[in-house]
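Text of the file work08.cif, holding mmCIF, C-alpha atoms:
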```
data_data
loop_
_atom_site.label_atom_id
_atom_site.label_comp_id
_atom_site.auth_asym_id
_atom_site.auth_seq_id
_atom_site.Cartn_x
_atom_site.Cartn_y
_atom_site.Cartn_z
CA SER D 1 175.95 130.54 204.02
CA GLY D 2 172.47 129.13 203.41
CA GLN D 3 170.73 132.09 205.08
CA VAL D 4 167.64 133.53 203.41
CA THR D 5 166.03 136.95 203.49
CA GLY D 6 162.79 138.34 202.15
CA SER D 7 159.50 139.59 203.55
CA ALA D 8 156.69 137.79 205.34
CA TYR D 9 153.35 138.70 206.87
CA ALA D 10 153.87 139.50 210.56
CA ASN D 11 151.54 139.47 213.56
CA SER D 12 151.28 143.24 213.25
CA GLY D 13 149.35 142.83 210.02
CA TYR D 14 152.19 144.20 207.89
CA ASP D 15 155.05 142.64 205.97
CA HIS D 16 158.36 142.45 207.84
CA ALA D 17 161.84 141.66 206.58
CA PHE D 18 163.22 138.36 207.83
CA ARG D 19 166.52 136.50 207.99
CA THR D 20 166.68 132.78 208.62
CA THR D 21 169.63 130.77 209.81
CA ALA D 22 171.12 128.20 207.45
CA MET D 23 168.79 125.48 208.70
CA GLY D 24 166.18 127.72 210.33
CA THR D 25 162.64 128.76 209.53
CA LEU D 26 160.61 131.95 209.66
CA ASN D 27 159.55 130.97 213.18
CA GLY D 28 163.14 130.94 214.43
CA ILE D 29 164.36 133.29 217.13
CA GLY D 30 165.42 136.61 215.62
CA ALA D 31 164.05 135.82 212.15
CA ASP D 32 161.68 138.83 212.22
CA LEU D 33 163.91 141.85 211.60
CA GLY D 34 161.23 144.39 212.56
CA THR D 35 161.28 147.92 211.15
CA LEU D 36 163.08 151.27 211.40
CA GLY D 37 160.29 152.65 213.54
CA SER D 38 157.10 152.32 211.50
CA THR D 39 154.96 149.51 210.08
CA ASP D 40 156.57 147.48 207.31
CA SER D 41 159.87 146.33 205.85
CA GLY D 42 161.26 143.87 203.33
CA GLY D 43 164.57 142.11 202.83
CA ALA D 44 166.04 142.08 199.32
CA ALA D 45 169.56 140.64 199.62
CA ILE D 46 171.89 139.03 202.14
CA ASN D 47 175.65 138.48 202.09
CA ASP D 48 177.71 135.58 203.42
CA SER D 49 178.10 137.14 206.86
CA GLY D 50 174.36 137.66 207.29
CA GLU D 51 174.12 141.42 206.64
CA VAL D 52 170.75 142.20 205.05
CA THR D 53 169.61 145.08 202.88
CA GLY D 54 166.15 146.05 201.70
CA TYR D 55 163.68 148.74 202.68
CA SER D 56 161.82 149.77 205.82
CA THR D 57 159.41 152.54 206.60
CA THR D 58 160.89 154.94 209.12
CA SER D 59 159.23 156.71 212.05
CA GLY D 60 158.43 159.49 209.57
CA GLY D 61 156.60 157.06 207.30
CA GLU D 62 159.05 157.14 204.38
CA PRO D 63 160.55 153.89 203.01
CA HIS D 64 164.35 153.94 203.34
CA ALA D 65 167.08 151.53 202.36
CA PHE D 66 168.80 149.82 205.27
CA ARG D 67 171.74 147.59 206.10
CA THR D 68 171.67 145.38 209.18
CA THR D 69 174.66 144.00 211.03
CA ALA D 70 175.37 140.29 210.65
CA THR D 71 173.21 139.34 213.63
CA GLY D 72 171.26 142.52 214.42
CA THR D 73 167.75 143.54 213.50
CA LEU D 74 166.07 146.73 212.34
CA SER D 75 164.47 147.23 215.74
CA ASP D 76 167.49 146.91 218.03
CA GLY D 77 169.25 150.14 217.03
CA THR D 78 172.18 148.45 215.24
CA ALA D 79 170.94 148.76 211.64
CA THR D 80 171.93 151.66 209.41
CA ASP D 81 169.29 153.81 207.73
CA LEU D 82 171.02 154.53 204.41
CA GLY D 83 169.02 157.69 203.77
CA THR D 84 168.15 159.01 200.30
CA LEU D 85 169.61 161.18 197.56
CA GLY D 86 167.59 164.14 198.75
CA GLY D 87 164.07 162.77 198.25
CA ASN D 88 161.72 160.71 200.40
CA PHE D 89 162.39 157.07 199.51
CA SER D 90 165.10 154.55 198.78
CA ALA D 91 165.57 150.77 198.72
CA GLY D 92 168.58 148.50 198.93
CA LEU D 93 168.63 145.70 196.38
CA GLY D 94 172.12 144.17 196.51
CA ILE D 95 174.93 143.74 199.04
CA ASN D 96 178.41 142.22 198.75
CA SER D 97 180.70 140.61 201.32
CA SER D 98 182.24 143.99 202.16
CA GLY D 99 178.82 145.36 203.11
CA GLN D 100 178.58 147.67 200.11
CA VAL D 101 174.92 148.21 199.18
CA VAL D 102 173.35 149.20 195.87
CA GLY D 103 169.78 150.12 195.01
CA TYR D 104 167.80 153.20 194.07
CA ALA D 105 166.87 156.43 195.83
CA GLU D 106 164.68 159.44 195.13
CA LEU D 107 166.34 162.72 194.23
CA SER D 108 165.44 166.11 195.66
CA VAL D 109 163.89 166.77 192.25
CA THR D 110 161.65 164.43 190.27
CA GLY D 111 162.88 160.88 189.70
CA HIS D 112 165.29 158.42 191.25
CA HIS D 113 168.86 157.30 190.59
CA ALA D 114 170.95 154.23 191.25
CA PHE D 115 173.13 154.47 194.34
CA LEU D 116 176.17 152.85 195.96
CA TYR D 117 176.52 152.95 199.75
CA THR D 118 179.79 152.21 201.52
CA ASN D 119 179.85 154.70 204.39
CA LYS D 120 177.61 157.25 202.67
CA MET D 121 175.12 157.16 199.81
CA ILE D 122 176.63 158.07 196.42
CA ASP D 123 174.66 158.70 193.24
CA LEU D 124 176.22 156.27 190.74
CA ASN D 125 175.77 158.85 187.99
CA THR D 126 178.39 161.03 189.68
CA LEU D 127 180.94 158.22 189.23
CA LEU D 128 180.52 158.08 185.45
CA SER D 129 183.07 159.64 183.14
CA PRO D 130 182.03 162.97 181.60
CA ALA D 131 181.41 161.21 178.29
CA ASP D 132 179.14 158.60 179.90
CA GLN D 133 177.33 161.24 181.94
CA ALA D 134 176.35 162.88 178.65
CA ARG D 135 174.72 159.63 177.45
CA TRP D 136 173.56 157.63 180.50
CA VAL D 137 171.11 158.09 183.34
CA LEU D 138 171.56 155.19 185.78
CA THR D 139 168.17 154.60 187.37
CA GLN D 140 168.50 151.45 189.47
CA ALA D 141 171.34 149.21 190.66
CA ASN D 142 170.30 145.62 191.35
CA ALA D 143 173.45 143.78 192.46
CA ILE D 144 177.11 144.23 193.38
CA ASN D 145 179.77 141.52 193.49
CA ASP D 146 182.81 141.21 195.72
CA SER D 147 184.96 142.92 193.08
CA GLY D 148 182.73 145.98 193.27
CA GLN D 149 181.15 145.46 189.85
CA ILE D 150 177.57 146.72 189.74
CA THR D 151 174.70 145.79 187.45
CA GLY D 152 171.31 147.41 186.97
CA TYR D 153 169.48 149.42 184.39
CA GLY D 154 169.20 152.96 183.12
CA ALA D 155 168.57 155.04 180.03
CA ILE D 156 171.19 155.51 177.34
CA ASN D 157 170.26 158.11 174.76
CA GLY D 158 166.67 157.79 175.99
CA GLN D 159 166.40 153.97 175.68
CA ILE D 160 166.29 151.59 178.64
CA HIS D 161 169.36 149.29 178.80
CA ALA D 162 171.06 147.09 181.35
CA PHE D 163 174.48 148.22 182.56
CA ARG D 164 177.52 146.82 184.28
CA MET D 165 180.02 149.20 185.79
CA THR D 166 183.09 149.12 187.99
CA PRO D 167 183.05 152.46 189.80
CA ASN D 168 186.37 154.18 190.24
CA LEU D 169 186.34 154.85 193.96
CA VAL D 170 190.06 155.53 194.10
CA ALA D 171 190.28 159.13 195.21
CA PRO D 172 192.65 161.28 197.20
CA ALA D 173 192.74 160.16 200.80
CA ILE D 174 190.14 161.85 202.99
CA PRO D 175 192.02 164.37 205.13
CA VAL D 176 192.28 163.49 208.80
CA ARG D 177 190.10 165.85 210.79
CA PHE D 178 192.05 168.45 212.79
CA ASP D 179 195.32 167.65 210.97
CA PHE D 180 196.91 171.09 210.66
CA ASN D 181 200.31 170.10 209.25
CA GLY D 182 199.15 167.41 206.82
CA ASP D 183 201.07 164.50 208.36
CA GLY D 184 198.01 162.28 208.76
CA HIS D 185 197.68 162.79 212.54
CA ALA D 186 195.15 164.94 214.38
CA ASP D 187 196.64 167.96 216.17
CA LEU D 188 195.56 170.25 219.01
CA LEU D 189 194.71 173.94 218.94
CA PHE D 190 194.69 176.17 222.04
CA GLN D 191 193.50 179.70 222.75
CA ASN D 192 195.01 181.78 225.52
CA ARG D 193 192.29 183.21 227.74
CA THR D 194 194.44 186.18 228.75
CA ASN D 195 195.47 187.63 225.38
CA GLY D 196 193.43 185.59 222.87
CA ALA D 197 196.51 184.05 221.21
CA VAL D 198 195.87 180.92 219.15
CA ALA D 199 198.58 178.27 219.50
CA PHE D 200 199.07 174.78 218.11
CA GLU D 201 200.58 171.52 219.27
CA THR D 202 201.15 169.09 216.43
CA MET D 203 200.85 165.46 217.45
CA ASN D 204 202.21 162.14 216.25
CA GLY D 205 199.48 160.00 217.70
CA PHE D 206 199.92 160.37 221.46
CA THR D 207 203.32 162.10 221.19
CA PRO D 208 203.73 165.89 220.95
CA ALA D 209 205.82 166.99 217.96
CA THR D 210 206.04 170.77 217.46
CA ASN D 211 204.31 173.83 218.83
CA GLY D 212 203.95 177.49 218.03
CA TYR D 213 201.49 180.30 217.36
CA ILE D 214 199.06 180.85 214.50
CA PHE D 215 197.93 184.19 215.91
CA PRO D 216 200.13 185.77 218.65
CA SER D 217 197.13 187.73 219.89
CA VAL D 218 193.40 187.94 219.16
CA ASN D 219 190.75 190.35 220.43
CA LEU D 220 189.30 188.65 223.53
CA ASP D 221 185.77 189.18 222.21
CA TYR D 222 186.52 186.52 219.60
CA LYS D 223 186.47 183.05 221.08
CA ALA D 224 187.75 180.23 218.85
CA VAL D 225 184.95 177.65 218.78
CA GLY D 226 185.82 175.20 216.02
CA THR D 227 188.26 174.08 213.35
CA PRO D 228 186.18 173.04 210.32
CA ASP D 229 187.51 172.97 206.75
CA LEU D 230 185.35 175.81 205.48
CA ASN D 231 186.75 176.27 201.97
CA GLY D 232 187.20 172.61 201.05
CA ASP D 233 190.99 172.70 200.64
CA GLY D 234 191.51 169.75 203.00
CA LYS D 235 192.95 171.96 205.75
CA PRO D 236 191.28 173.05 208.98
CA ASP D 237 190.26 176.67 209.39
CA ILE D 238 189.21 178.54 212.55
CA LEU D 239 185.70 179.60 213.49
CA PHE D 240 185.27 182.41 216.05
CA GLN D 241 182.19 183.51 217.99
CA SER D 242 181.77 186.98 219.43
CA GLN D 243 181.20 186.96 223.19
CA THR D 244 179.25 190.22 222.82
CA ASN D 245 176.65 189.53 220.14
CA GLY D 246 177.24 185.88 219.18
CA GLY D 247 178.39 186.75 215.66
CA ILE D 248 180.30 184.07 213.74
CA SER D 249 183.48 184.92 211.84
CA TYR D 250 186.29 182.87 210.35
CA ALA D 251 189.97 182.82 209.49
CA LEU D 252 191.04 180.55 206.65
CA LEU D 253 194.33 178.77 207.25
CA ASN D 254 197.03 177.32 205.06
CA GLY D 255 198.23 174.59 207.36
CA LEU D 256 199.73 176.26 210.44
CA ALA D 257 199.73 179.75 208.93
CA PRO D 258 196.96 182.28 208.27
CA SER D 259 196.03 182.52 204.60
CA GLY D 260 195.07 186.16 204.97
CA GLN D 261 191.41 185.43 204.19
CA TYR D 262 188.91 186.44 206.87
CA GLY D 263 185.19 187.03 206.88
CA VAL D 264 181.85 186.94 208.68
CA LEU D 265 179.24 184.19 208.39
CA PHE D 266 176.70 185.78 210.76
CA PRO D 267 177.01 189.36 212.08
CA ALA D 268 175.01 188.35 215.17
CA VAL D 269 173.36 185.25 216.64
CA ALA D 270 170.36 185.03 218.97
CA ALA D 271 171.37 185.44 222.60
CA GLY D 272 172.48 182.29 224.36
CA PHE D 273 173.12 180.13 221.27
CA ILE D 274 176.72 178.92 221.50
CA VAL D 275 178.57 177.02 218.78
CA ALA D 276 178.87 173.43 220.00
CA GLY D 277 180.04 171.56 216.90
CA THR D 278 180.90 171.79 213.22
CA PRO D 279 179.96 168.38 211.76
CA ASP D 280 178.75 167.64 208.23
CA ILE D 281 175.13 166.98 209.21
CA ASN D 282 173.58 166.53 205.78
CA GLY D 283 176.44 164.61 204.16
CA ASP D 284 177.12 167.13 201.40
CA GLY D 285 180.85 167.29 202.11
CA HIS D 286 180.67 170.70 203.82
CA PRO D 287 180.86 171.29 207.58
CA ASP D 288 177.75 172.73 209.18
CA ILE D 289 177.26 174.46 212.55
CA VAL D 290 175.44 173.11 215.61
CA PHE D 291 174.40 175.53 218.36
CA GLN D 292 173.21 174.91 221.90
CA LYS D 293 171.21 177.23 224.11
CA GLN D 294 171.95 175.43 227.34
CA SER D 295 169.49 177.42 229.46
CA THR D 296 166.55 176.08 227.44
CA GLY D 297 168.02 172.78 226.22
CA ASP D 298 167.47 173.75 222.58
CA ILE D 299 169.92 172.47 219.95
CA SER D 300 169.79 174.04 216.52
CA TYR D 301 171.79 173.85 213.30
CA VAL D 302 172.55 175.77 210.15
CA PHE D 303 173.75 174.12 206.97
CA LEU D 304 176.76 175.60 205.23
CA ASN D 305 177.80 175.30 201.61
CA GLY D 306 181.39 176.35 202.06
CA LEU D 307 181.19 179.93 203.29
CA THR D 308 177.50 180.34 202.38
CA PRO D 309 174.83 179.72 205.04
CA GLY D 310 171.79 177.70 204.02
CA ALA D 311 168.77 176.14 205.71
CA PHE D 312 168.48 175.97 209.48
CA GLY D 313 166.36 174.18 212.03
CA TYR D 314 166.30 172.40 215.38
CA LEU D 315 167.59 168.98 216.40
CA PHE D 316 166.04 169.06 219.88
CA HIS D 317 163.94 171.32 222.07
CA GLY D 318 163.92 171.36 225.86
CA LEU D 319 166.71 168.95 226.78
CA ASP D 320 167.95 168.85 230.37
CA PRO D 321 169.81 172.19 230.82
CA ASN D 322 172.52 170.31 232.73
CA LEU D 323 173.49 168.48 229.52
CA LYS D 324 176.25 170.42 227.80
CA LEU D 325 176.87 169.45 224.17
CA VAL D 326 180.62 168.78 224.00
CA GLY D 327 181.16 166.97 220.71
CA THR D 328 179.69 165.74 217.44
CA PRO D 329 181.74 162.61 216.59
CA ASP D 330 180.51 159.74 214.43
CA LEU D 331 180.45 157.24 217.30
CA ASN D 332 178.98 154.23 215.48
CA LYS D 333 180.80 154.77 212.17
CA ASP D 334 177.64 155.00 210.08
CA GLY D 335 178.66 158.18 208.27
CA HIS D 336 176.46 160.44 210.43
CA SER D 337 177.69 162.72 213.20
CA ASP D 338 176.26 161.94 216.62
CA LEU D 339 175.87 164.08 219.74
CA LEU D 340 178.01 163.78 222.89
CA PHE D 341 176.97 165.48 226.13
CA GLN D 342 178.56 165.95 229.55
CA ASN D 343 176.31 166.54 232.53
CA THR D 344 177.57 169.65 234.32
CA LYS D 345 176.19 168.43 237.67
CA THR D 346 176.97 164.71 237.70
CA GLY D 347 179.82 164.43 235.17
CA ASP D 348 177.95 161.69 233.28
CA VAL D 349 178.88 161.43 229.59
CA VAL D 350 175.91 160.50 227.42
CA TYR D 351 175.37 160.15 223.68
CA VAL D 352 172.60 160.30 221.11
CA LEU D 353 173.10 158.46 217.80
CA MET D 354 171.85 160.52 214.89
CA ASN D 355 170.79 160.02 211.29
CA ALA D 356 171.38 163.53 209.90
CA THR D 357 168.85 165.75 211.72
CA THR D 358 166.86 162.97 213.44
CA MET D 359 167.66 160.31 216.02
CA LEU D 360 168.80 157.00 214.52
CA SER D 361 165.98 155.32 216.46
CA PRO D 362 163.84 156.21 219.49
CA THR D 363 166.22 154.17 221.68
CA SER D 364 169.56 155.21 220.15
CA TYR D 365 170.99 156.92 223.22
CA GLY D 366 172.91 155.85 226.29
CA THR D 367 175.61 156.62 228.84
CA LEU D 368 179.32 156.10 228.17
CA PHE D 369 180.56 157.07 231.65
CA HIS D 370 178.99 157.78 235.01
CA ASN D 371 180.21 160.36 237.53
CA VAL D 372 183.28 161.72 235.74
CA ALA D 373 185.04 164.19 238.05
CA LEU D 374 183.83 167.68 237.16
CA GLU D 375 187.49 168.77 237.08
CA TYR D 376 187.77 166.97 233.74
CA GLN D 377 185.76 168.60 230.99
CA ILE D 378 185.47 167.18 227.49
CA VAL D 379 187.09 169.56 225.02
CA GLY D 380 187.04 167.54 221.81
CA ASN D 381 186.91 164.35 219.80
CA LEU D 382 189.80 163.33 217.58
CA ASP D 383 191.23 160.04 216.37
CA LEU D 384 194.42 159.71 218.40
CA ASN D 385 195.31 156.11 217.54
CA ASP D 386 194.41 156.21 213.83
CA ASP D 387 191.83 153.41 214.08
CA GLY D 388 189.12 155.39 212.30
CA PHE D 389 187.15 156.08 215.50
CA GLU D 390 187.23 159.48 217.15
CA ASP D 391 188.31 159.42 220.79
CA ILE D 392 187.51 161.75 223.70
CA VAL D 393 189.90 164.41 225.01
CA PHE D 394 189.50 165.92 228.49
CA GLN D 395 191.16 169.00 229.98
CA GLY D 396 191.60 169.52 233.71
CA GLN D 397 190.24 172.88 234.81
CA THR D 398 192.57 173.38 237.82
CA ASN D 399 195.53 171.08 237.16
CA GLY D 400 196.00 171.64 233.40
CA ASP D 401 196.18 167.89 232.69
CA ILE D 402 195.01 166.74 229.26
CA SER D 403 193.82 163.14 229.16
CA TYR D 404 192.05 160.88 226.70
CA VAL D 405 189.77 157.87 226.41
CA LEU D 406 190.08 155.69 223.32
CA LEU D 407 186.83 154.50 221.74
CA ASN D 408 186.00 151.79 219.23
CA ASN D 409 182.39 152.29 218.31
CA LEU D 410 180.84 152.72 221.78
CA ALA D 411 183.42 150.58 223.61
CA VAL D 412 186.34 151.97 225.62
CA THR D 413 189.66 150.47 224.51
CA GLY D 414 192.17 152.53 226.50
CA TYR D 415 192.94 155.76 228.31
CA GLY D 416 195.89 157.88 229.43
CA TYR D 417 197.44 161.34 229.51
CA LEU D 418 198.77 163.55 226.72
CA PHE D 419 200.08 166.35 228.96
CA HIS D 420 200.38 167.18 232.64
CA GLY D 421 200.23 170.71 234.07
CA VAL D 422 199.47 172.74 230.95
CA ASN D 423 199.32 176.50 231.65
CA LEU D 424 195.72 177.16 232.72
CA ASP D 425 195.50 180.18 230.43
CA PHE D 426 195.56 177.83 227.44
CA LYS D 427 192.26 176.12 226.69
CA ILE D 428 191.85 173.58 223.88
CA VAL D 429 189.71 174.90 221.05
CA GLY D 430 186.77 172.54 220.65
CA VAL D 431 187.75 169.84 218.15
CA HIS D 432 184.28 168.59 217.34
#
```
Rendering of file as structure tokens:
Amino acid sequence: SGQVTGSAYANSGYDHAFRTTAMGTLNGIGADLGTLGSTDSGGAAINDSGEVTGYSTTSGGEPHAFRTTATGTLSDGTATDLGTLGGNFSAGLGINSSGQVVGYAELSVTGHHAFLYTNKMIDLNTLLSPADQARWVLTQANAINDSGQITGYGAINGQIHAFRMTPNLVAPAIPVRFDFNGDGHADLLFQNRTNGAVAFETMNGFTPATNGYIFPSVNLDYKAVGTPDLNGDGKPDILFQSQTNGGISYALLNGLAPSGQYGVLFPAVAAGFIVAGTPDINGDGHPDIVFQKQSTGDISYVFLNGLTPGAFGYLFHGLDPNLKLVGTPDLNKDGHSDLLFQNTKTGDVVYVLMNATTMLSPTSYGTLFHNVALEYQIVGNLDLNDDGFEDIVFQGQTNGDISYVLLNNLAVTGYGYLFHGVNLDFKIVGVH
């Protein structure tokens, strides 16, 4: 395409990544790509559409690999911080026409490994055969072609050698979130507020298919608050929270039937902290738990490794108490779950784009809708039209209507109703 990327000394006194047009210069409009929130950046490779990869220091001061959009910059909130392999630094060195990026990233232990990024960062060493894993340590990936072949260097039997590999990325299809019957479509789960019963409605896109009960009755102290896949079998399970002491328990499912396995994750939780989402925050393939204490505006999290709790911390302190966290969808399709709020006074629906436990950028927030009728409360996010983007589901609090808004990235593409006049005792279990 004739476009060029690299780094150049900027007015700030630091190097900045740049991208020229085919006939442009470094002084052209938009050539300076800026940074991911700190001082310096550098461009390493550009594909035919104009997507750039390289490195940029983040607001925390660490250099991270990035991928821009075809026309966006690092400073406008559209670029993707590719993260690391558990350490503090990474850099993108090659990018193909599909937007796949390769480079190197620090591990949580000493050293760095070559990576491939499509919609999440993958250590290339994990894609080697067992035999090759015994011989090779892939340290850095320098380039990737449009066939997905990667070249770089690493150590084989302790000696530094160049490599070329074609990763086998063919794997079982990623299960559709909230698909209880395994047909590739997201389904709905309800809990009866009178007797605690947990019921399902399987869906074929926008069309109801079958319905029934998973649990005919449940102790009313146990409120169903999420449907994460806790044991990694590709099937949703049910997370419950005690209304008395906040304790978190679970029931593992086998599709639409209980598996007979139950347990407790936390016997009690600090007063006021309500489960608000079960996204995979740290990208390890396991759902985690996000809590909100709405009275103080605090949002916290705890990492899970299957059924084992791990580290915990806070995403935000002191947010507007009127902002109720109602979902954790990946709104911008960057592989990181974001935060969706509904204002309990105005009905406004607002979002915050996240990069794991931090905001994507200081300006990565906005409003999707203003003044939504308070009758309609957001009860979940699921991909109704199978376009890869999670949509928003609302439930009427006095009329029982269940409606939806279709999203593509942050743009509304359609809306309508799934059901009218659902029995008010049945409330959708948060699909978030």
At most 9 Å is the cut-off: for each residue in region 241-349 of chain D with any atom that close to an atom of region 111-125 of chain D, write down the nearest atom pair and the distance in Å rounded to one decimal, counting all atoms listed in the file, chain first then increasing number, as a Markdown table.
```
| residue | atom | partner | partner_atom | distance |
| --- | --- | --- | --- | --- |
| D:Gly283 | CA | D:Lys120 | CA | 7.6 |
| D:Lys333 | CA | D:Asn119 | CA | 7.8 |
| D:Asp334 | CA | D:Asn119 | CA | 6.1 |
| D:Gly335 | CA | D:Asn119 | CA | 5.3 |
| D:His336 | CA | D:Lys120 | CA | 8.5 |
```
Within 12 Å of Leu331 (chain D), counting all atoms listed in the file, which residues qualify if same-chain residues fewer than 3 places away don't, as number ranges by chain?
-> D: 327-328, 334-340, 350-355, 360, 364-366, 368, 381-383, 388-392, 406-412, 432
Pairwise distance, CA of Gly400 (chain D) with CA of Ala186 (chain D), equals 20.2 Å
On this file, the PyMOL selection byres ((chain D and resi 2-7) around 10) gives some set of residues; write that set as number ranges by chain.
-> D: 1, 8-10, 14-26, 31-33, 40-54
Separation of CA of Phe66 (chain D) from CA of Gly83 (chain D), in Å and rounded to one decimal |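 It comes out at 8.0 Å.
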Identify which of the residues D:Lys345, D:Pro63, D:Leu93, D:Phe206 lies closest to Tyr404 (chain D), counting all atoms listed in the file when measuring atom-to-atom distances.
->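 Checking each candidate against Tyr404 (chain D), we get D:Phe206 as the closest.
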Residue members of the PyMOL selection byres ((chain D and resi 161) around 12) in the file shown, as a ChimeraX atom specification | /D:135-140,151-160,162-164
Neighbours of Val372 (chain D) within 8 Å (only C-alpha atoms; same-chain residues fewer than 6 positions away dropped), as a PyMOL selection string?
-> chain D and resi 346-349
Can you write just those residues out, C-alpha atoms, as a short mmCIF file (atom, residue, chain, number, x, y, z; two decimals), in the frame of the given file?
```cif
data_model
loop_
_atom_site.label_atom_id
_atom_site.label_comp_id
_atom_site.auth_asym_id
_atom_site.auth_seq_id
_atom_site.Cartn_x
_atom_site.Cartn_y
_atom_site.Cartn_z
CA THR D 346 176.97 164.71 237.70
CA GLY D 347 179.82 164.43 235.17
CA ASP D 348 177.95 161.69 233.28
CA VAL D 349 178.88 161.43 229.59
#
```
Nearest to Val379 (chain D) by atom-to-atom distance, counting only C-alpha atoms, from D:Leu265, D:Leu189, D:Ile299, D:Ala65 = D:Leu189
Evaluate the PyMOL selection byres ((chain D and resi 190-194) around 7) and record the selected residues as a PyMOL selection string, following the chain and residue labels used in the document.
-> chain D and resi 188-189+195-200+224+425-429
Rounded to one decimal in Å, what is the spacing between CA of Gln294 (chain D) and CA of Val405 (chain D)?
->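 Computing the Euclidean distance for CA of Gln294 (chain D) and CA of Val405 (chain D) yields 25.0 Å.
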Within-6 Å shell of (199.9, 170.3, 205.0) in input frame, all atoms listed in the file, as a PyMOL selection string = chain D and resi 181-182+255
Could you take the residues named above and write them with C-alpha atoms, as a compact mmCIF listing (two decimals), in the coordinates of the input?
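part33.txt, freshly written:
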```txt
# COMPACT_ATOMS: atom_id res chain seq x y z
CA ASN D 181 200.31 170.10 209.25
CA GLY D 182 199.15 167.41 206.82
CA GLY D 255 198.23 174.59 207.36
```
Just the residues within 9 Å of Ala143 (chain D), please, counting all atoms listed in the file, with nothing from its chain fewer than 2 positions along; format it as a PyMOL selection string.
-> chain D and resi 45+93-96+101-103+141+145+149-152
